[in-house]
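Trainee: The structure is given below, and queries will be raised subsequently.
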Amino acid sequence: MGDEHGNVIHLNERDCSIQRRHQKVIEMAPAWSLPKKLRQNICAAALKIMKNVHYVNAGTVEFLADQDEEHFYFIEVNPRVQVEHTVTEAITDIDIVRTQILVAEGHALSDPEIGIKSQEDIPCNGVAIQCRITTEDPQNNFMPDTGKINDYRSGGGPGIRLDAGTAYTGAVITPYYDSLLVKVTAHANNAPETIYRMLRCLDEFRIGGVKTNIYFLKNMLLDKNFQAGSCNVNYIDHHPDLLNAPQVIDEPAAGLLAYIGEVTVNGFHGNGSNPKPRFDTPVKLNAADEACPSGTRQLLEELGPEKFSKWIQDQKQVLLMDTTYRDAHQSLLATRIRTRDIMQAIHYTACKVPQIYAFEDWGGATFDVAYRFLDEDPWERLRKMREAAPNILFQMLTRGANTVGYTNYPPEVVRQFLALAAKNGVDVFRIFDCLNQLDHMTLSIDEVRKQGKLAETAFCYTGDILDDGRQKYTLKYYTNLAKEMEKAGANIIAIKDMAGLLKPEAAYTLISALKDAVDLPIHLHSHEGGGCTLYTYAKAAEAGVDIVDVATSALSNGTSQPSMTAFIQALSNNPRQPQMDIEELETIDRYWQIVRAYYAGVDGKMTSPNTTVFQHEMPGGQYTNLRQQAKGVGLGDRWPEVCRMYAKVNEMFGDVIKVTPSSKVVGDMTLFMVQNNLTEKDIYERGETMDFPKSVVDFFDGKLGVPYGGFPEKLQKIILRGEQPHLETPPAPIDQEKVTQDMKALRMPETEEARSSYCIYPKVYKDYIQRYHQYGDLSILDTPTYFFGMKPGEESWLRIGGKMVLIRMNYITPPSDDGFREIQFEVNGMPREIRVRDKAASEGAAIIRQADPTVPGEVAATLSGSVLRLIAAKGDVVKKGDPLMVTEAMKMETTITAPIAGIVKEVCVAAGSRITSGDLLAVIE
């Protein structure tokens, strides 16, 4: 600082080593990491320069310090106050802006108005650090982001100074101005304490609606080399890990509001908005303070699998497995029941009815549906249930070599999945193959036994063993299967009657024969669709069945299992009657009666027995799902025709066993034929020119195995177009190195469970993770809000990050001309606004596509702004790195280059187009 009277003093030095592309990012005063002598020499040199030119007013002299910490070199003089002057003011307690105004008025530095008589009057108190919070995206080469700030809360506290720019709730950040939101200055006695204060302040910031560089600043401050003062001007460039975003959602409320807004305006999964019904409050099942009594899980741990198997056989009463938590809602409600609703009942049930043999609560379709439709992690569900019900056996359904998928997986994938399921809480593994091929089950049996768990090996029942006119699947067929399963290491034999085809007398005959054939417990699973399964269960009990599958009454019958309480009452005065607290079971059922109403949109609502099941033989779990699919493709009013065609397709395929995934093959072919008005004759006459569903082609290619009796040769040739089938071709090994790279690129959790999910369902799991990063943890929403959103005036209490948050929806505006609605919320009383495109209102309007970051040839806008000019055109051949177009934002031009070599298939913008970060600009193939 110099005055017009020849006085020049320095205000100590600042360290601006933390730079990106030679632009300062973090500034510190003084340069506490440099030797004191070097700092003094630098300040002396600055004074010498400024005195020599008779400098007046504020200015900054810049030097480059050598790594030897002895030499330094002059760069330039900036004859002005710089952005980082706040750190100098903090350590000197001098108002630089006021001082230069006084100097400009003619005052001397020594005048009372300024009060600097000599260099010795300039203090150097502690350490100050300044961080600039901007709307720059560190992962997008620090390109500025644009949009509307829908939430702004700053940090504060002792030693914190904020110099705000355009930061406030409702501010619109445009592409045409500086991206700086606020300068944060922290001041304390020493560097570690100053760093701590800055980190605390940055943690307190909440900025929603635009991307910011806050996480990058925190990464930098936490860096050990930064804290040691050993960073040079190239440090950021050489440490790209500083740009890695955290795995957690920085502002979870923002994601939740975005989801609530989307589902309110456009409906669940975009299926159209529906008015939110008024639901009754469920019965509260309160046993939170009760410990679960000892149950079957402790008995298994005590006895081990073999002795436990014998214990089952020794029981006089029929044991009951409760399917409420898996197959009951898979059969009735398209597998849609959420973890939140399960957790309100499972602990209470385990406490009050500990005589239950097992909860069937995992595997089957619950695994992928949790990811696809419920925004939930099935592994987390399993862990939560296990903690809540530590006393009851947990049983899962696994499809042998398919695990919980729809294709065969390599042995290492199968083994890892089963080991993780056992680790996370599964005790009993019901292992089956959709075609009853035992060689597809043996590896799973071996791994389950290796884990010290129970291997319940199931054969799938179809046909009618007492029908002399249909003897493909005979009594001998099933008893021989059971014998082979026993030899393979099964602890329990299960009859998996997927469609409820097992009639009472056939059940008595089959179970009696199995009891003679093997020395293992017999477990019967069936469905009540045809209306006679409760009677079938009674005959099974008479024949000596050990375990049957039942469900709470509210989720029983129809395509589900028989009612648990109905079965218990049916065996009154019978020595095999299970002994359980009926009143507690009825209390639990009253809870499920209310909860079932939440899922009305997917409820099959079968109000009476459907004896047509004995004609079409559709599995109970498929009935509601296929009906939903039929509605989705416009065949809802032709459902009886779909059922008849299902039976015809099964006949065409040679009467196959129908259970996931083979039932899906029959279902896909059925919809294909009905939708295209095809007959069996059409298939045989014109089939070689048709494009059949992929699942059908894969089935006849042998990817699921070989059905009992083989494939119909003529039909197989038509579907494969004369190609030879790849029967029993082993699945290719998984490229684990590529899996690791993909998971890292997609910001997936680094856990064994996440890896297993990605190996089995790569696209499904990727989509789930992307939605998680977009919306956060949606499991905290109550079920009506998750499916229907909110109504104006409605309030909802949520626990977010350990804090209770009150969300209120105030209003929704009508759609604008471009199809957007404004929704105003309050979060703990603070207003928040979001914009949601109303898909119904914007039909016919141009929809801006977003680039898929996982598709290499999709070129995305790197920042919001406009297209200045196009360089490449559709059909051009480009090399990687060739320029495609030039965009402009915030007075900064960016040349967009080709990410891969190929042909420009599509250019999605024109010169002058307005663009937003992430918009699809071009496609290269």
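Each chain in the structure tokens gets a letter, A, B and so on, in the order shown; residues start at 1 in every chain, and ligands are counted from 1 in the order they appear.
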Among stretch 124-334 of chain A, which residues carry a DSSP assignment of strand (DSSP E or B), reported as a CSV table (one decimal) with N, CA, C and O atoms, in the first residue's frame?
Mentor:
chain,number,residue,atom,x,y,z
A,127,VAL,N,-3.4,-17.4,11.0
A,127,VAL,CA,-3.5,-17.9,9.6
A,127,VAL,C,-4.9,-17.7,9.1
A,127,VAL,O,-5.8,-18.1,9.8
A,128,ALA,N,-5.0,-17.3,7.9
A,128,ALA,CA,-6.3,-17.2,7.2
A,128,ALA,C,-6.3,-17.9,5.9
A,128,ALA,O,-5.3,-18.0,5.2
A,129,ILE,N,-7.4,-18.5,5.5
A,129,ILE,CA,-7.6,-19.3,4.3
A,129,ILE,C,-8.9,-18.8,3.6
A,129,ILE,O,-9.9,-18.7,4.3
A,130,GLN,N,-8.8,-18.6,2.3
A,130,GLN,CA,-10.0,-18.3,1.5
A,130,GLN,C,-10.3,-19.4,0.5
A,130,GLN,O,-9.4,-19.9,-0.2
A,131,CYS,N,-11.6,-19.8,0.5
A,131,CYS,CA,-12.0,-20.8,-0.5
A,131,CYS,C,-13.1,-20.1,-1.3
A,131,CYS,O,-14.0,-19.4,-0.7
A,132,ARG,N,-13.1,-20.3,-2.6
A,132,ARG,CA,-14.1,-19.7,-3.5
A,132,ARG,C,-15.1,-20.8,-3.9
A,132,ARG,O,-14.8,-21.7,-4.6
A,133,ILE,N,-16.4,-20.6,-3.4
A,133,ILE,CA,-17.4,-21.6,-3.8
A,133,ILE,C,-18.0,-21.1,-5.1
A,133,ILE,O,-18.5,-19.9,-5.2
A,134,THR,N,-18.0,-21.9,-6.1
A,134,THR,CA,-18.5,-21.6,-7.4
A,134,THR,C,-19.4,-22.7,-7.9
A,134,THR,O,-19.6,-23.7,-7.3
A,136,GLU,N,-18.9,-24.3,-10.5
A,136,GLU,CA,-18.1,-25.1,-11.4
A,136,GLU,C,-18.1,-26.6,-11.0
A,136,GLU,O,-18.2,-26.9,-9.8
A,137,ASP,N,-18.2,-27.5,-12.0
A,137,ASP,CA,-18.2,-28.9,-11.8
A,137,ASP,C,-16.9,-29.5,-11.9
A,137,ASP,O,-16.3,-29.7,-13.1
A,143,MET,N,-16.2,-27.0,-15.7
A,143,MET,CA,-17.1,-26.2,-16.5
A,143,MET,C,-18.2,-25.6,-15.6
A,143,MET,O,-18.7,-26.3,-14.7
A,144,PRO,N,-18.6,-24.4,-15.8
A,144,PRO,CA,-19.7,-23.8,-15.0
A,144,PRO,C,-21.0,-24.5,-15.2
A,144,PRO,O,-21.4,-24.8,-16.3
A,147,GLY,N,-28.5,-22.9,-13.7
A,147,GLY,CA,-29.8,-23.3,-13.2
A,147,GLY,C,-30.3,-22.4,-12.1
A,147,GLY,O,-29.7,-21.3,-11.9
A,148,LYS,N,-31.3,-22.8,-11.4
A,148,LYS,CA,-31.9,-22.0,-10.3
A,148,LYS,C,-31.5,-22.6,-9.0
A,148,LYS,O,-31.7,-23.8,-8.8
A,151,ASP,N,-32.2,-24.1,-3.0
A,151,ASP,CA,-31.9,-24.1,-1.6
A,151,ASP,C,-30.6,-23.5,-1.3
A,151,ASP,O,-29.6,-23.9,-2.0
A,152,TYR,N,-30.5,-22.5,-0.4
A,152,TYR,CA,-29.2,-21.9,-0.1
A,152,TYR,C,-29.2,-21.7,1.4
A,152,TYR,O,-30.0,-20.9,2.0
A,153,ARG,N,-28.2,-22.3,2.0
A,153,ARG,CA,-27.9,-22.1,3.4
A,153,ARG,C,-26.4,-22.0,3.6
A,153,ARG,O,-25.7,-23.0,3.2
A,160,ILE,N,-15.2,-16.9,10.8
A,160,ILE,CA,-15.7,-17.2,9.5
A,160,ILE,C,-16.2,-15.8,8.9
A,160,ILE,O,-16.9,-15.1,9.5
A,161,ARG,N,-15.7,-15.5,7.7
A,161,ARG,CA,-16.2,-14.3,6.9
A,161,ARG,C,-16.8,-14.8,5.6
A,161,ARG,O,-16.1,-15.6,4.9
A,162,LEU,N,-17.9,-14.3,5.2
A,162,LEU,CA,-18.5,-14.6,4.0
A,162,LEU,C,-18.7,-13.3,3.1
A,162,LEU,O,-19.2,-12.3,3.6
A,163,ASP,N,-18.2,-13.4,1.9
A,163,ASP,CA,-18.4,-12.3,0.9
A,163,ASP,C,-19.2,-12.9,-0.2
A,163,ASP,O,-18.7,-13.6,-1.1
A,164,ALA,N,-20.5,-12.6,-0.1
A,164,ALA,CA,-21.5,-13.3,-1.1
A,164,ALA,C,-21.6,-12.5,-2.4
A,164,ALA,O,-21.4,-11.3,-2.4
A,172,VAL,N,-31.0,-17.3,-10.1
A,172,VAL,CA,-30.8,-18.0,-11.4
A,172,VAL,C,-29.4,-17.8,-11.9
A,172,VAL,O,-29.0,-16.6,-12.1
A,173,ILE,N,-28.7,-18.9,-12.0
A,173,ILE,CA,-27.3,-18.8,-12.5
A,173,ILE,C,-27.3,-19.0,-14.0
A,173,ILE,O,-27.6,-20.1,-14.5
A,180,LEU,N,-18.9,-17.5,-9.6
A,180,LEU,CA,-18.6,-17.3,-8.2
A,180,LEU,C,-19.9,-17.1,-7.4
A,180,LEU,O,-20.7,-16.2,-7.8
A,181,LEU,N,-20.1,-17.9,-6.4
A,181,LEU,CA,-21.3,-17.7,-5.5
A,181,LEU,C,-20.9,-17.0,-4.2
A,181,LEU,O,-21.6,-16.0,-3.9
A,182,VAL,N,-19.9,-17.4,-3.6
A,182,VAL,CA,-19.5,-16.8,-2.3
A,182,VAL,C,-18.0,-17.1,-2.0
A,182,VAL,O,-17.5,-18.2,-2.3
A,183,LYS,N,-17.4,-16.1,-1.4
A,183,LYS,CA,-16.0,-16.3,-0.9
A,183,LYS,C,-16.1,-16.6,0.6
A,183,LYS,O,-16.7,-15.8,1.4
A,184,VAL,N,-15.4,-17.7,1.0
A,184,VAL,CA,-15.4,-18.0,2.5
A,184,VAL,C,-14.0,-17.8,3.0
A,184,VAL,O,-13.1,-18.4,2.4
A,185,THR,N,-13.9,-17.1,4.0
A,185,THR,CA,-12.6,-16.8,4.7
A,185,THR,C,-12.6,-17.4,6.1
A,185,THR,O,-13.5,-17.0,6.9
A,186,ALA,N,-11.7,-18.2,6.4
A,186,ALA,CA,-11.6,-18.8,7.8
A,186,ALA,C,-10.3,-18.2,8.4
A,186,ALA,O,-9.3,-18.1,7.7
A,187,HIS,N,-10.3,-17.9,9.7
A,187,HIS,CA,-9.2,-17.3,10.4
A,187,HIS,C,-9.1,-17.9,11.8
A,187,HIS,O,-10.1,-18.1,12.5
A,188,ALA,N,-7.8,-18.3,12.2
A,188,ALA,CA,-7.6,-18.9,13.5
A,188,ALA,C,-6.1,-18.7,13.8
A,188,ALA,O,-5.4,-18.1,13.0
A,206,ARG,N,-25.5,-25.6,2.3
A,206,ARG,CA,-26.4,-26.4,1.6
A,206,ARG,C,-26.8,-25.6,0.3
A,206,ARG,O,-27.5,-24.5,0.4
A,207,ILE,N,-26.4,-26.1,-0.8
A,207,ILE,CA,-26.7,-25.4,-2.1
A,207,ILE,C,-27.4,-26.4,-3.0
A,207,ILE,O,-26.7,-27.4,-3.4
A,208,GLY,N,-28.6,-26.2,-3.3
A,208,GLY,CA,-29.4,-27.1,-4.2
A,208,GLY,C,-29.8,-26.5,-5.5
A,208,GLY,O,-30.0,-25.3,-5.6
A,319,LEU,N,-45.3,-78.3,10.1
A,319,LEU,CA,-44.6,-77.0,10.3
A,319,LEU,C,-45.1,-76.1,9.2
A,319,LEU,O,-45.4,-76.5,8.1
A,320,LEU,N,-45.1,-74.8,9.5
A,320,LEU,CA,-45.6,-73.8,8.6
A,320,LEU,C,-44.5,-72.8,8.2
A,320,LEU,O,-43.8,-72.2,9.1
A,321,MET,N,-44.4,-72.6,6.9
A,321,MET,CA,-43.5,-71.5,6.4
A,321,MET,C,-44.4,-70.4,6.0
A,321,MET,O,-45.3,-70.6,5.2
A,322,ASP,N,-44.0,-69.2,6.4
A,322,ASP,CA,-44.8,-68.0,6.1
A,322,ASP,C,-44.2,-67.3,4.9
A,322,ASP,O,-43.1,-66.8,4.9
Trainee: Counting only C-alpha atoms, which residues in stretch 279-321 of chain A sit no more than 12 Å from stretch 394-417 of chain A? For each one, give the nearest pair of atoms and the distance in Å, sorted by chain then residue number, as a tab-separated table.
Mentor:
residue	atom	partner	partner_atom	distance
A:Gly295	CA	A:Phe394	CA	11.4
A:Thr296	CA	A:Phe394	CA	9.6
A:Arg297	CA	A:Phe394	CA	8.2
A:Gln298	CA	A:Phe394	CA	11.9
A:Leu300	CA	A:Phe394	CA	11.3
A:Met321	CA	A:Gln395	CA	8.7
Trainee: What is the atom CA of A:Ile807 to atom CA of A:Trp379 distance in Å?
Mentor: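 Atom CA of A:Trp379 lies at a distance of 28.6 Å from atom CA of A:Ile807.
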Trainee: Tell me which protein, DNA and RNA residues are within 10 Å of A:Leu222, counting only C-alpha atoms, leaving out same-chain ones fewer than 4 positions away, and put them as a PyMOL selection string.
Mentor: chain A and resi 195-196+199+216-218+226-227+242
Trainee: With the cut-off set at 12 Å and counting only C-alpha atoms, tabulate each residue of stretch 748-796 of chain A with an atom at most that distance from an atom of stretch 717-735 of chain A, showing the nearest atom pair and its distance in Å to one decimal, ordered by chain and increasing number, as CSV.
Mentor:
residue,atom,partner,partner_atom,distance
A:Arg755,CA,A:Ile734,CA,11.2
A:Ser756,CA,A:Ile734,CA,10.9
A:Tyr758,CA,A:Ile734,CA,10.7
A:Cys759,CA,A:Ile734,CA,7.4
A:Ile760,CA,A:Ile734,CA,10.0
A:Pro762,CA,A:Ile734,CA,11.4
Trainee: Based on the selection just made, write all heavy atoms of those residues as a PDB file, in the first residue's frame.
Mentor:
ATOM      1  N   ARG A 755     -20.864 -56.014  -6.160  1.00  0.00           N
ATOM      2  CA  ARG A 755     -20.222 -56.727  -7.274  1.00  0.00           C
ATOM      3  C   ARG A 755     -21.091 -57.900  -7.728  1.00  0.00           C
ATOM      4  O   ARG A 755     -21.279 -58.126  -8.934  1.00  0.00           O
ATOM      5  CB  ARG A 755     -18.833 -57.205  -6.847  1.00  0.00           C
ATOM      6  CG  ARG A 755     -18.113 -58.046  -7.904  1.00  0.00           C
ATOM      7  CD  ARG A 755     -16.706 -58.405  -7.455  1.00  0.00           C
ATOM      8  NE  ARG A 755     -15.843 -57.243  -7.531  1.00  0.00           N
ATOM      9  CZ  ARG A 755     -15.131 -56.895  -8.598  1.00  0.00           C
ATOM     10  NH1 ARG A 755     -15.190 -57.628  -9.704  1.00  0.00           N
ATOM     11  NH2 ARG A 755     -14.376 -55.838  -8.581  1.00  0.00           N
ATOM     12  N   SER A 756     -21.617 -58.649  -6.781  1.00  0.00           N
ATOM     13  CA  SER A 756     -22.468 -59.788  -7.124  1.00  0.00           C
ATOM     14  C   SER A 756     -23.704 -59.325  -7.886  1.00  0.00           C
ATOM     15  O   SER A 756     -24.079 -59.910  -8.909  1.00  0.00           O
ATOM     16  CB  SER A 756     -22.889 -60.524  -5.839  1.00  0.00           C
ATOM     17  OG  SER A 756     -23.722 -61.621  -6.154  1.00  0.00           O
ATOM     18  N   TYR A 758     -24.044 -56.632  -9.682  1.00  0.00           N
ATOM     19  CA  TYR A 758     -23.663 -56.136 -11.005  1.00  0.00           C
ATOM     20  C   TYR A 758     -23.346 -57.288 -11.955  1.00  0.00           C
ATOM     21  O   TYR A 758     -23.650 -57.211 -13.152  1.00  0.00           O
ATOM     22  CB  TYR A 758     -22.464 -55.199 -10.883  1.00  0.00           C
ATOM     23  CG  TYR A 758     -22.104 -54.504 -12.178  1.00  0.00           C
ATOM     24  CD1 TYR A 758     -23.000 -53.637 -12.803  1.00  0.00           C
ATOM     25  CD2 TYR A 758     -20.873 -54.709 -12.792  1.00  0.00           C
ATOM     26  CE1 TYR A 758     -22.690 -52.996 -13.994  1.00  0.00           C
ATOM     27  CE2 TYR A 758     -20.548 -54.078 -13.980  1.00  0.00           C
ATOM     28  CZ  TYR A 758     -21.464 -53.222 -14.579  1.00  0.00           C
ATOM     29  OH  TYR A 758     -21.149 -52.603 -15.755  1.00  0.00           O
ATOM     30  N   CYS A 759     -22.759 -58.367 -11.441  1.00  0.00           N
ATOM     31  CA  CYS A 759     -22.459 -59.530 -12.286  1.00  0.00           C
ATOM     32  C   CYS A 759     -23.742 -60.223 -12.749  1.00  0.00           C
ATOM     33  O   CYS A 759     -23.815 -60.728 -13.874  1.00  0.00           O
ATOM     34  CB  CYS A 759     -21.584 -60.522 -11.525  1.00  0.00           C
ATOM     35  SG  CYS A 759     -19.871 -59.982 -11.302  1.00  0.00           S
ATOM     36  N   ILE A 760     -24.766 -60.240 -11.910  1.00  0.00           N
ATOM     37  CA  ILE A 760     -26.011 -60.936 -12.247  1.00  0.00           C
ATOM     38  C   ILE A 760     -26.941 -60.043 -13.064  1.00  0.00           C
ATOM     39  O   ILE A 760     -27.538 -60.466 -14.048  1.00  0.00           O
ATOM     40  CB  ILE A 760     -26.715 -61.413 -10.957  1.00  0.00           C
ATOM     41  CG1 ILE A 760     -25.853 -62.481 -10.268  1.00  0.00           C
ATOM     42  CG2 ILE A 760     -28.098 -61.974 -11.257  1.00  0.00           C
ATOM     43  CD1 ILE A 760     -26.340 -62.878  -8.892  1.00  0.00           C
ATOM     44  N   PRO A 762     -26.302 -56.531 -14.630  1.00  0.00           N
ATOM     45  CA  PRO A 762     -25.505 -55.323 -14.868  1.00  0.00           C
ATOM     46  C   PRO A 762     -26.329 -54.085 -15.195  1.00  0.00           C
ATOM     47  O   PRO A 762     -26.127 -53.027 -14.607  1.00  0.00           O
ATOM     48  CB  PRO A 762     -24.582 -55.719 -16.030  1.00  0.00           C
ATOM     49  CG  PRO A 762     -25.177 -56.958 -16.622  1.00  0.00           C
ATOM     50  CD  PRO A 762     -25.911 -57.636 -15.527  1.00  0.00           C
TER      51      PRO A 762
END
Trainee: Can you tell me, as an NGL selection string, what residues are no more than 12 Å from A:Gly126 when counting only C-alpha atoms, ignoring any on the same chain fewer than 5 positions away?
Mentor: :A and (12 or 28-32 or 87-93 or 159 or 186-194)
Trainee: Neighbours of stretch 261-270 of chain A within 9 Å (only C-alpha atoms; same-chain residues fewer than 2 positions away dropped), as a PyMOL selection string?
Mentor: chain A and resi 256-259+272-276+373+785-791+812+821+823+834-840
Trainee: Go ahead and save the residues from that selection, with N, CA and C atoms, as a compact mmCIF listing (two decimals), in the first residue's frame.
Mentor:
# COMPACT_ATOMS: atom_id res chain seq x y z
N LEU A 256 -34.96 -36.03 -2.80
CA LEU A 256 -36.29 -36.49 -2.42
C LEU A 256 -37.37 -35.58 -3.01
N LEU A 257 -37.14 -34.27 -2.96
CA LEU A 257 -38.12 -33.35 -3.53
C LEU A 257 -38.26 -33.56 -5.04
N ALA A 258 -37.13 -33.81 -5.70
CA ALA A 258 -37.18 -34.06 -7.15
C ALA A 258 -38.01 -35.30 -7.45
N TYR A 259 -37.83 -36.35 -6.63
CA TYR A 259 -38.60 -37.58 -6.84
C TYR A 259 -40.08 -37.35 -6.55
N GLY A 272 -48.30 -42.05 -15.60
CA GLY A 272 -49.45 -41.15 -15.57
C GLY A 272 -49.85 -40.81 -14.16
N SER A 273 -50.17 -39.55 -13.93
CA SER A 273 -50.52 -39.09 -12.59
C SER A 273 -51.88 -39.64 -12.17
N ASN A 274 -51.95 -40.09 -10.90
CA ASN A 274 -53.21 -40.55 -10.32
C ASN A 274 -53.45 -39.80 -9.03
N PRO A 275 -54.70 -39.43 -8.74
CA PRO A 275 -54.97 -38.76 -7.46
C PRO A 275 -54.54 -39.64 -6.30
N LYS A 276 -53.96 -39.05 -5.30
CA LYS A 276 -53.50 -39.82 -4.14
C LYS A 276 -54.70 -40.22 -3.29
N PHE A 373 -38.04 -51.51 -9.47
CA PHE A 373 -39.28 -50.78 -9.23
C PHE A 373 -39.41 -50.15 -7.85
N THR A 785 -46.66 -41.99 -0.35
CA THR A 785 -45.90 -40.90 -0.99
C THR A 785 -44.98 -41.46 -2.07
N TYR A 786 -44.37 -42.61 -1.82
CA TYR A 786 -43.48 -43.21 -2.82
C TYR A 786 -44.23 -43.51 -4.11
N PHE A 787 -45.47 -44.01 -4.01
CA PHE A 787 -46.21 -44.40 -5.20
C PHE A 787 -47.04 -43.26 -5.82
N PHE A 788 -47.48 -42.30 -4.98
CA PHE A 788 -48.41 -41.29 -5.48
C PHE A 788 -47.92 -39.85 -5.34
N GLY A 789 -46.79 -39.62 -4.64
CA GLY A 789 -46.34 -38.26 -4.43
C GLY A 789 -47.12 -37.58 -3.31
N MET A 790 -47.29 -36.25 -3.42
CA MET A 790 -47.98 -35.49 -2.38
C MET A 790 -49.05 -34.60 -3.01
N LYS A 791 -49.96 -34.14 -2.15
CA LYS A 791 -51.00 -33.19 -2.56
C LYS A 791 -50.71 -31.84 -1.94
N ILE A 812 -48.78 -26.43 -6.71
CA ILE A 812 -48.30 -26.85 -8.03
C ILE A 812 -48.93 -25.91 -9.04
N ARG A 821 -44.07 -27.54 -14.84
CA ARG A 821 -44.82 -27.09 -13.68
C ARG A 821 -43.83 -26.66 -12.58
N ILE A 823 -43.27 -26.38 -8.60
CA ILE A 823 -43.79 -26.94 -7.35
C ILE A 823 -43.05 -26.27 -6.20
N ILE A 834 -39.04 -26.33 -7.27
CA ILE A 834 -38.46 -27.17 -8.31
C ILE A 834 -39.34 -27.07 -9.55
N ARG A 835 -38.76 -27.41 -10.70
CA ARG A 835 -39.50 -27.46 -11.96
C ARG A 835 -39.56 -28.90 -12.43
N VAL A 836 -40.74 -29.34 -12.84
CA VAL A 836 -40.92 -30.70 -13.32
C VAL A 836 -41.64 -30.65 -14.66
N ARG A 837 -41.10 -31.34 -15.64
CA ARG A 837 -41.77 -31.41 -16.94
C ARG A 837 -42.99 -32.31 -16.83
N ASP A 838 -44.14 -31.77 -17.17
CA ASP A 838 -45.38 -32.55 -17.20
C ASP A 838 -45.41 -33.26 -18.56
N LYS A 839 -45.19 -34.56 -18.55
CA LYS A 839 -45.07 -35.30 -19.80
C LYS A 839 -46.37 -35.31 -20.59
N ALA A 840 -47.49 -35.29 -19.87
CA ALA A 840 -48.77 -35.27 -20.57
C ALA A 840 -48.99 -33.92 -21.23
Trainee: Write down as an MDAnalysis selection string the residues belonging to stretch 151-212 of chain A that are assigned alpha helix (DSSP H) by DSSP computed on the backbone.
Mentor: chainID A and resid 191:204
Trainee: Would you export the selected residues with N, CA and C atoms as a short mmCIF file (atom, residue, chain, number, x, y, z; two decimals), in the first residue's frame, please?
Mentor:
data_model
loop_
_atom_site.label_atom_id
_atom_site.label_comp_id
_atom_site.auth_asym_id
_atom_site.auth_seq_id
_atom_site.Cartn_x
_atom_site.Cartn_y
_atom_site.Cartn_z
N ALA A 191 -2.46 -22.87 11.32
CA ALA A 191 -2.98 -23.49 10.09
C ALA A 191 -3.94 -24.65 10.37
N PRO A 192 -3.60 -25.62 11.25
CA PRO A 192 -4.54 -26.73 11.49
C PRO A 192 -5.90 -26.26 11.97
N GLU A 193 -5.92 -25.28 12.87
CA GLU A 193 -7.20 -24.80 13.39
C GLU A 193 -7.98 -24.07 12.30
N THR A 194 -7.28 -23.33 11.45
CA THR A 194 -7.96 -22.63 10.35
C THR A 194 -8.55 -23.62 9.36
N ILE A 195 -7.81 -24.68 9.05
CA ILE A 195 -8.32 -25.72 8.14
C ILE A 195 -9.56 -26.37 8.73
N TYR A 196 -9.53 -26.64 10.03
CA TYR A 196 -10.68 -27.25 10.70
C TYR A 196 -11.90 -26.34 10.60
N ARG A 197 -11.71 -25.04 10.86
CA ARG A 197 -12.83 -24.11 10.79
C ARG A 197 -13.41 -24.02 9.38
N MET A 198 -12.53 -24.04 8.39
CA MET A 198 -13.00 -23.97 7.01
C MET A 198 -13.81 -25.22 6.66
N LEU A 199 -13.31 -26.39 7.05
CA LEU A 199 -14.03 -27.63 6.75
C LEU A 199 -15.39 -27.65 7.43
N ARG A 200 -15.43 -27.20 8.67
CA ARG A 200 -16.72 -27.16 9.37
C ARG A 200 -17.70 -26.24 8.66
N CYS A 201 -17.20 -25.09 8.23
CA CYS A 201 -18.06 -24.13 7.53
C CYS A 201 -18.57 -24.71 6.21
N LEU A 202 -17.68 -25.34 5.43
CA LEU A 202 -18.09 -25.93 4.16
C LEU A 202 -19.12 -27.04 4.36
N ASP A 203 -18.97 -27.80 5.45
CA ASP A 203 -19.93 -28.86 5.76
C ASP A 203 -21.33 -28.29 6.00
N GLU A 204 -21.38 -27.07 6.51
CA GLU A 204 -22.67 -26.47 6.84
C GLU A 204 -23.39 -25.90 5.63
#
Trainee: Mind checking which residues fall within 9 Å of A:Ser556, counting only C-alpha atoms, ignoring those fewer than 5 positions away in the same chain, and posting them as number ranges by chain?
Mentor: A: 324, 328-329, 332, 527-528, 550-551, 561-564
Trainee: To one decimal place in Å, what is the distance between atom CA of A:Asn52 and atom CA of A:Arg98?
Mentor: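 Separation between atom CA of A:Asn52 and atom CA of A:Arg98: 24.7 Å.
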Trainee: Using only C-alpha atoms, which protein or nucleic acid residues come within 12 Å of A:Val53? Drop anything in the same chain fewer than 2 positions from it, and give the result as a PyMOL selection string.
Mentor: chain A and resi 2+4+6-8+46-51+55-56+77+79
Trainee: Rounded to one decimal, what separation in Å do you get between atom CA of A:Ile18 and atom CA of A:Ile122?
Mentor: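 A separation of 25.8 Å between them.
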Trainee: Under the rule that only C-alpha atoms are counted, which of A:Glu456, A:Asp919, A:Asp280, A:Asp589 is the nearest residue to A:Ala851?
Mentor: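 Result for the nearest residue to A:Ala851: A:Asp919.
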Trainee: Nearest residue to A:Val764 out of A:Met441, A:Ala922, A:Val97, A:Val369, using only C-alpha atoms?
Mentor: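 Once distances to A:Val764 are computed over only C-alpha atoms, the minimum belongs to A:Val369.
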